[in-house]
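**Student:** Structure file target-v4.pdb (PDB, C-alpha atoms) right here:
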```
ATOM      1  CA  PRO A 383      34.211   6.923 112.867  1.00  0.00           C
ATOM      2  CA  LYS A 384      33.920   7.902 116.432  1.00  0.00           C
ATOM      3  CA  SER A 385      35.996   6.077 118.913  1.00  0.00           C
ATOM      4  CA  VAL A 386      34.549   5.716 122.341  1.00  0.00           C
ATOM      5  CA  SER A 387      36.710   4.731 125.182  1.00  0.00           C
ATOM      6  CA  LEU A 388      35.479   1.841 127.272  1.00  0.00           C
ATOM      7  CA  SER A 389      35.889   3.711 130.520  1.00  0.00           C
ATOM      8  CA  LYS A 390      33.393   6.421 129.549  1.00  0.00           C
ATOM      9  CA  ARG A 391      30.731   4.151 128.121  1.00  0.00           C
ATOM     10  CA  LYS A 392      27.945   3.221 130.519  1.00  0.00           C
ATOM     11  CA  THR A 393      27.141  -0.428 130.564  1.00  0.00           C
ATOM     12  CA  THR A 394      24.472  -2.181 132.512  1.00  0.00           C
ATOM     13  CA  PRO A 395      25.286  -5.601 133.814  1.00  0.00           C
ATOM     14  CA  GLN A 396      23.557  -8.361 131.964  1.00  0.00           C
ATOM     15  CA  PHE A 397      22.149 -11.007 134.243  1.00  0.00           C
ATOM     16  CA  PRO A 398      21.455 -14.386 132.790  1.00  0.00           C
ATOM     17  CA  ARG A 399      17.809 -15.121 132.180  1.00  0.00           C
ATOM     18  CA  LEU A 400      16.226 -17.334 134.763  1.00  0.00           C
ATOM     19  CA  PRO A 401      15.039 -20.611 133.366  1.00  0.00           C
ATOM     20  CA  HIS A 402      11.345 -21.421 133.509  1.00  0.00           C
ATOM     21  CA  VAL A 403      12.115 -24.810 134.968  1.00  0.00           C
ATOM     22  CA  ILE A 404      13.603 -25.052 138.432  1.00  0.00           C
ATOM     23  CA  PRO A 405      17.036 -26.666 138.291  1.00  0.00           C
ATOM     24  CA  SER A 406      17.381 -30.089 139.855  1.00  0.00           C
ATOM     25  CA  SER A 407      19.574 -28.785 142.670  1.00  0.00           C
ATOM     26  CA  SER A 408      16.792 -26.403 143.693  1.00  0.00           C
ATOM     27  CA  GLN A 409      14.227 -29.194 143.370  1.00  0.00           C
ATOM     28  CA  SER A 410      16.256 -31.379 145.689  1.00  0.00           C
ATOM     29  CA  PHE A 411      16.616 -28.476 148.144  1.00  0.00           C
ATOM     30  CA  ILE A 412      12.851 -27.932 148.107  1.00  0.00           C
ATOM     31  CA  ALA A 413      12.237 -31.648 148.553  1.00  0.00           C
ATOM     32  CA  VAL A 414      14.617 -31.784 151.519  1.00  0.00           C
ATOM     33  CA  MET A 415      13.011 -28.744 153.122  1.00  0.00           C
ATOM     34  CA  LEU A 416       9.512 -30.116 152.573  1.00  0.00           C
ATOM     35  CA  SER A 417      10.406 -33.508 153.995  1.00  0.00           C
ATOM     36  CA  SER A 418      12.045 -31.780 156.960  1.00  0.00           C
ATOM     37  CA  LEU A 419       8.892 -29.759 157.615  1.00  0.00           C
ATOM     38  CA  ILE A 420       6.697 -32.850 157.306  1.00  0.00           C
ATOM     39  CA  SER A 421       8.967 -34.807 159.630  1.00  0.00           C
ATOM     40  CA  THR A 422       9.097 -32.071 162.268  1.00  0.00           C
ATOM     41  CA  GLY A 423       5.382 -31.334 162.122  1.00  0.00           C
ATOM     42  CA  THR A 424       4.297 -34.931 162.441  1.00  0.00           C
ATOM     43  CA  PHE A 425       6.796 -35.557 165.249  1.00  0.00           C
ATOM     44  CA  ILE A 426       5.350 -32.637 167.203  1.00  0.00           C
ATOM     45  CA  TRP A 427       1.798 -33.793 166.496  1.00  0.00           C
ATOM     46  CA  GLY A 428       2.570 -37.367 167.575  1.00  0.00           C
ATOM     47  CA  PHE A 429       4.417 -36.178 170.676  1.00  0.00           C
ATOM     48  CA  HIS A 430       1.506 -34.042 171.862  1.00  0.00           C
ATOM     49  CA  SER A 431      -1.429 -36.208 170.792  1.00  0.00           C
ATOM     50  CA  VAL A 432      -0.486 -39.482 172.499  1.00  0.00           C
ATOM     51  CA  GLU A 433      -1.784 -40.328 175.966  1.00  0.00           C
ATOM     52  CA  PRO A 434       1.178 -42.061 177.658  1.00  0.00           C
ATOM     53  CA  SER A 435      -0.871 -43.469 180.521  1.00  0.00           C
ATOM     54  CA  GLU A 436      -3.178 -45.340 178.125  1.00  0.00           C
ATOM     55  CA  VAL A 437      -0.231 -46.725 176.164  1.00  0.00           C
ATOM     56  CA  VAL A 438       1.553 -47.819 179.341  1.00  0.00           C
ATOM     57  CA  ASP A 439      -1.626 -49.477 180.669  1.00  0.00           C
ATOM     58  CA  ARG A 440      -2.097 -51.456 177.443  1.00  0.00           C
ATOM     59  CA  VAL A 441       1.543 -52.516 177.272  1.00  0.00           C
ATOM     60  CA  ILE A 442       1.465 -53.637 180.900  1.00  0.00           C
ATOM     61  CA  ALA A 443      -1.736 -55.610 180.285  1.00  0.00           C
ATOM     62  CA  LEU A 444      -0.146 -57.291 177.254  1.00  0.00           C
ATOM     63  CA  VAL A 445       3.054 -58.144 179.140  1.00  0.00           C
ATOM     64  CA  VAL A 446       1.096 -59.504 182.113  1.00  0.00           C
ATOM     65  CA  ASP A 447      -0.998 -61.705 179.790  1.00  0.00           C
ATOM     66  CA  ILE A 448       2.167 -63.067 178.204  1.00  0.00           C
ATOM     67  CA  ILE A 449       4.035 -63.630 181.488  1.00  0.00           C
ATOM     68  CA  THR A 450       1.174 -65.104 183.508  1.00  0.00           C
ATOM     69  CA  PRO A 451       0.718 -68.825 182.878  1.00  0.00           C
ATOM     70  CA  GLY A 452      -2.488 -69.996 181.240  1.00  0.00           C
ATOM     71  CA  LYS A 453      -5.357 -71.972 182.692  1.00  0.00           C
ATOM     72  CA  GLY A 454      -3.380 -75.189 182.715  1.00  0.00           C
ATOM     73  CA  SER A 455      -4.799 -78.644 183.151  1.00  0.00           C
ATOM     74  CA  GLY A 456      -6.605 -80.164 186.058  1.00  0.00           C
ATOM     75  CA  SER A 457      -9.985 -81.411 187.001  1.00  0.00           C
ATOM     76  CA  SER A 458     -12.883 -79.928 185.146  1.00  0.00           C
ATOM     77  CA  SER A 459     -15.137 -79.367 188.124  1.00  0.00           C
ATOM     78  CA  TRP A 460     -16.580 -75.919 188.559  1.00  0.00           C
ATOM     79  CA  TRP A 461     -14.840 -75.621 191.928  1.00  0.00           C
ATOM     80  CA  MET A 462     -11.345 -76.167 190.471  1.00  0.00           C
ATOM     81  CA  ARG A 463     -12.012 -73.879 187.513  1.00  0.00           C
ATOM     82  CA  GLY A 464     -13.085 -71.140 189.901  1.00  0.00           C
ATOM     83  CA  LEU A 465     -10.011 -71.684 192.050  1.00  0.00           C
ATOM     84  CA  ARG A 466      -7.678 -71.502 189.006  1.00  0.00           C
ATOM     85  CA  THR A 467      -9.410 -68.319 187.846  1.00  0.00           C
ATOM     86  CA  VAL A 468      -8.845 -66.709 191.237  1.00  0.00           C
ATOM     87  CA  GLN A 469      -5.200 -67.849 191.279  1.00  0.00           C
ATOM     88  CA  ARG A 470      -4.587 -66.522 187.769  1.00  0.00           C
ATOM     89  CA  GLY A 471      -6.258 -63.220 188.640  1.00  0.00           C
ATOM     90  CA  SER A 472      -4.088 -62.811 191.731  1.00  0.00           C
ATOM     91  CA  GLN A 473      -0.955 -63.651 189.708  1.00  0.00           C
ATOM     92  CA  LYS A 474      -1.911 -61.033 187.129  1.00  0.00           C
ATOM     93  CA  ILE A 475      -2.419 -58.384 189.800  1.00  0.00           C
ATOM     94  CA  GLU A 476       0.895 -59.311 191.422  1.00  0.00           C
ATOM     95  CA  LYS A 477       2.809 -59.078 188.110  1.00  0.00           C
ATOM     96  CA  GLU A 478       1.133 -55.779 187.245  1.00  0.00           C
ATOM     97  CA  MET A 479       2.092 -54.278 190.604  1.00  0.00           C
ATOM     98  CA  GLU A 480       5.648 -55.540 190.146  1.00  0.00           C
ATOM     99  CA  ILE A 481       5.942 -53.944 186.686  1.00  0.00           C
ATOM    100  CA  ARG A 482       4.480 -50.662 187.931  1.00  0.00           C
ATOM    101  CA  SER A 483       6.930 -50.621 190.847  1.00  0.00           C
ATOM    102  CA  HIS A 484       9.803 -51.125 188.371  1.00  0.00           C
ATOM    103  CA  LEU A 485       8.485 -48.174 186.321  1.00  0.00           C
ATOM    104  CA  SER A 486       8.343 -46.071 189.482  1.00  0.00           C
ATOM    105  CA  GLN A 487      11.929 -47.040 190.321  1.00  0.00           C
ATOM    106  CA  TRP A 488      12.962 -46.130 186.764  1.00  0.00           C
ATOM    107  CA  ASP A 489      11.329 -42.708 187.099  1.00  0.00           C
ATOM    108  CA  ASP A 490      13.067 -42.114 190.433  1.00  0.00           C
ATOM    109  CA  GLY A 491      16.439 -43.283 189.130  1.00  0.00           C
ATOM    110  CA  TYR A 492      16.278 -41.434 185.800  1.00  0.00           C
ATOM    111  CA  PRO A 493      13.992 -38.393 186.207  1.00  0.00           C
ATOM    112  CA  PHE A 494      15.222 -36.852 182.952  1.00  0.00           C
ATOM    113  CA  ILE A 495      14.078 -39.954 180.999  1.00  0.00           C
ATOM    114  CA  HIS A 496      10.642 -40.430 182.510  1.00  0.00           C
ATOM    115  CA  HIS A 497       8.822 -43.449 181.060  1.00  0.00           C
ATOM    116  CA  GLU A 498       6.014 -41.211 179.781  1.00  0.00           C
ATOM    117  CA  LEU A 499       8.557 -39.099 177.884  1.00  0.00           C
ATOM    118  CA  VAL A 500       9.932 -42.271 176.299  1.00  0.00           C
ATOM    119  CA  VAL A 501       6.396 -43.147 175.154  1.00  0.00           C
ATOM    120  CA  ARG A 502       5.897 -39.635 173.733  1.00  0.00           C
ATOM    121  CA  TYR A 503       9.245 -39.729 171.885  1.00  0.00           C
ATOM    122  CA  ALA A 504       8.427 -43.160 170.457  1.00  0.00           C
ATOM    123  CA  ALA A 505       5.017 -41.925 169.284  1.00  0.00           C
ATOM    124  CA  GLY A 506       6.571 -38.869 167.644  1.00  0.00           C
ATOM    125  CA  LEU A 507       9.234 -40.980 165.947  1.00  0.00           C
ATOM    126  CA  LEU A 508       6.620 -43.423 164.687  1.00  0.00           C
ATOM    127  CA  ALA A 509       4.405 -40.609 163.354  1.00  0.00           C
ATOM    128  CA  SER A 510       7.366 -38.912 161.661  1.00  0.00           C
ATOM    129  CA  THR A 511       8.600 -42.130 160.056  1.00  0.00           C
ATOM    130  CA  LEU A 512       5.134 -43.043 158.829  1.00  0.00           C
ATOM    131  CA  ALA A 513       4.527 -39.565 157.371  1.00  0.00           C
ATOM    132  CA  LEU A 514       7.879 -39.553 155.539  1.00  0.00           C
ATOM    133  CA  THR A 515       7.211 -43.031 154.171  1.00  0.00           C
ATOM    134  CA  VAL A 516       3.818 -41.952 152.838  1.00  0.00           C
ATOM    135  CA  TYR A 517       5.349 -38.738 151.432  1.00  0.00           C
ATOM    136  CA  ASP A 518       8.052 -40.721 149.628  1.00  0.00           C
ATOM    137  CA  LEU A 519       5.444 -43.115 148.227  1.00  0.00           C
ATOM    138  CA  PHE A 520       3.326 -40.255 146.853  1.00  0.00           C
ATOM    139  CA  ARG A 521       6.313 -38.300 145.566  1.00  0.00           C
ATOM    140  CA  GLY A 522       7.852 -41.313 143.931  1.00  0.00           C
ATOM    141  CA  ASN A 523      11.520 -42.108 143.900  1.00  0.00           C
ATOM    142  CA  LYS A 524      12.919 -40.379 140.829  1.00  0.00           C
ATOM    143  CA  ASN A 525      16.425 -41.637 141.541  1.00  0.00           C
ATOM    144  CA  ARG A 526      15.377 -45.259 141.249  1.00  0.00           C
ATOM    145  CA  ARG A 527      17.635 -47.367 139.048  1.00  0.00           C
ATOM    146  CA  GLN A 528      16.245 -48.258 135.667  1.00  0.00           C
ATOM    147  CA  ASP A 529      16.732 -51.973 134.993  1.00  0.00           C
TER     148      ASP A 529
END
```
Mind turning the file's structure into C-alpha cells?
**Tutor:**
Amino acid sequence: PKSVSLSKRKTTPQFPRLPHVIPSSSQSFIAVMLSSLISTGTFIWGFHSVEPSEVVDRVIALVVDIITPGKGSGSSSWWMRGLRTVQRGSQKIEKEMEIRSHLSQWDDGYPFIHHELVVRYAAGLLASTLALTVYDLFRGNKNRRQD
C-alpha cells in the first residue's frame, strides 16, 4: 500500500453546512434590529409631522379652562349672566397671556430646550412607543411564561 504523508496531501477545509432554519440568536438579532428601525423611523416621522403651535394652543386652552372658575351662582337675570360671561372671558384672556408670557420666558432662559422642541420630542417619543407596542402585539411575545 502506498503511504501518503499528510503534509503533501491537499485538503480543502470543510465548512459546516448552514442550517435551513435561522438560529434563535440570529432571530433575536433580526428582531432587535427591526424594532430599532421601527422605533427610529416612527420617532423621526412623529418629530417632523407634529405642528407644535397647534399642540401648544390646545394645551393652553385646556389649562385656561381648568384654571378659570366656572359660571358660579348669582341672579339669573340676563344682565348678570352677560356680566359674568364678560368677566369669565376677560379672566381667560388674562390667564392665557400669563401662560404665554411664561413660555416666552422659558424660551429666553433655556434657548436650547425651546418649548416647541419639547413638544416635537414628546410627539416622537409617543409615536415610537406606540409603534413598538403595536409591533410587539403583532409579533407576539414568544418568551412569555407558560402557566
**Student:** Pick out the residues sitting within 9 Å of A:Pro451, and hand them over as a list in words; count all atoms listed in the file, and ignore anything fewer than 4 positions along from it in its own chain.
**Tutor:**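 Result of the neighbour search: Asp447, Arg470 and Gln473 of chain A.
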**Student:** In Å to one decimal, how far is atom CA of A:Thr450 from atom CA of A:Thr467?
**Tutor:**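 We find that atom CA of A:Thr467 and atom CA of A:Thr450 lie 11.9 Å from each other.
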**Student:** Any idea what's packed within 12 Å of A:Arg482, counting all atoms listed in the file, ignoring anything in its chain fewer than 6 positions away? Could you give it as a PyMOL selection string?
**Tutor:** chain A and resi 435+438-439+441-443+445-446+475-476+488-489+497
**Student:** Under the PyMOL selection byres ((chain A and resi 517) around 12), which residues of this model are included? Write them out as a ChimeraX atom specification.
**Tutor:** /A:413-414,416-421,424,510-516,518-523
**Student:** Would you write out those residues with C-alpha atoms, as a PDB file, in the frame of the given file?
**Tutor:**
```
ATOM      1  CA  ALA A 413      12.237 -31.648 148.553  1.00  0.00           C
ATOM      2  CA  VAL A 414      14.617 -31.784 151.519  1.00  0.00           C
ATOM      3  CA  LEU A 416       9.512 -30.116 152.573  1.00  0.00           C
ATOM      4  CA  SER A 417      10.406 -33.508 153.995  1.00  0.00           C
ATOM      5  CA  SER A 418      12.045 -31.780 156.960  1.00  0.00           C
ATOM      6  CA  LEU A 419       8.892 -29.759 157.615  1.00  0.00           C
ATOM      7  CA  ILE A 420       6.697 -32.850 157.306  1.00  0.00           C
ATOM      8  CA  SER A 421       8.967 -34.807 159.630  1.00  0.00           C
ATOM      9  CA  THR A 424       4.297 -34.931 162.441  1.00  0.00           C
ATOM     10  CA  SER A 510       7.366 -38.912 161.661  1.00  0.00           C
ATOM     11  CA  THR A 511       8.600 -42.130 160.056  1.00  0.00           C
ATOM     12  CA  LEU A 512       5.134 -43.043 158.829  1.00  0.00           C
ATOM     13  CA  ALA A 513       4.527 -39.565 157.371  1.00  0.00           C
ATOM     14  CA  LEU A 514       7.879 -39.553 155.539  1.00  0.00           C
ATOM     15  CA  THR A 515       7.211 -43.031 154.171  1.00  0.00           C
ATOM     16  CA  VAL A 516       3.818 -41.952 152.838  1.00  0.00           C
ATOM     17  CA  ASP A 518       8.052 -40.721 149.628  1.00  0.00           C
ATOM     18  CA  LEU A 519       5.444 -43.115 148.227  1.00  0.00           C
ATOM     19  CA  PHE A 520       3.326 -40.255 146.853  1.00  0.00           C
ATOM     20  CA  ARG A 521       6.313 -38.300 145.566  1.00  0.00           C
ATOM     21  CA  GLY A 522       7.852 -41.313 143.931  1.00  0.00           C
ATOM     22  CA  ASN A 523      11.520 -42.108 143.900  1.00  0.00           C
TER      23      ASN A 523
END
```
**Student:** Using all atoms listed in the file, list the residues that have an atom at most 7 Å from (4.2, -38.2, 176.3), coordinates as in the file, as a compact mmCIF listing (two decimals) with C-alpha atoms, keeping the file's coordinate frame.
**Tutor:**
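Saved as selection-v2.txt:
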```
# COMPACT_ATOMS: atom_id res chain seq x y z
CA PHE A 429 4.42 -36.18 170.68
CA HIS A 430 1.51 -34.04 171.86
CA VAL A 432 -0.49 -39.48 172.50
CA GLU A 433 -1.78 -40.33 175.97
CA PRO A 434 1.18 -42.06 177.66
CA GLU A 498 6.01 -41.21 179.78
CA LEU A 499 8.56 -39.10 177.88
CA VAL A 501 6.40 -43.15 175.15
CA ARG A 502 5.90 -39.64 173.73
CA TYR A 503 9.24 -39.73 171.88
```
**Student:** What is the atom CA of A:Ile449 to atom CA of A:Glu478 distance in Å?
**Tutor:** 10.2 Å
**Student:** In Å, with one decimal, what is the gap from atom CA of A:Trp427 to atom CA of A:Ala505?
**Tutor:**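 Between atom CA of A:Trp427 and atom CA of A:Ala505 the gap is 9.2 Å.
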**Student:** Return as JSON the centre and edge lengths, in Å with one decimal, of the box along x, y and z that encloses every atom of stretch 463-479 of chain A in the file, padded by 4 Å per side.
**Tutor:**
```
{"center_x": -5.1, "center_y": -64.1, "center_z": 189.6, "size_x": 23.9, "size_y": 27.6, "size_z": 12.9}
```
**Student:** Which residue out of A:Ile412, A:Ala504, A:Val468, A:Met479 has the minimum interatomic distance to A:Val437 when only C-alpha atoms are used?
**Tutor:** A:Ala504
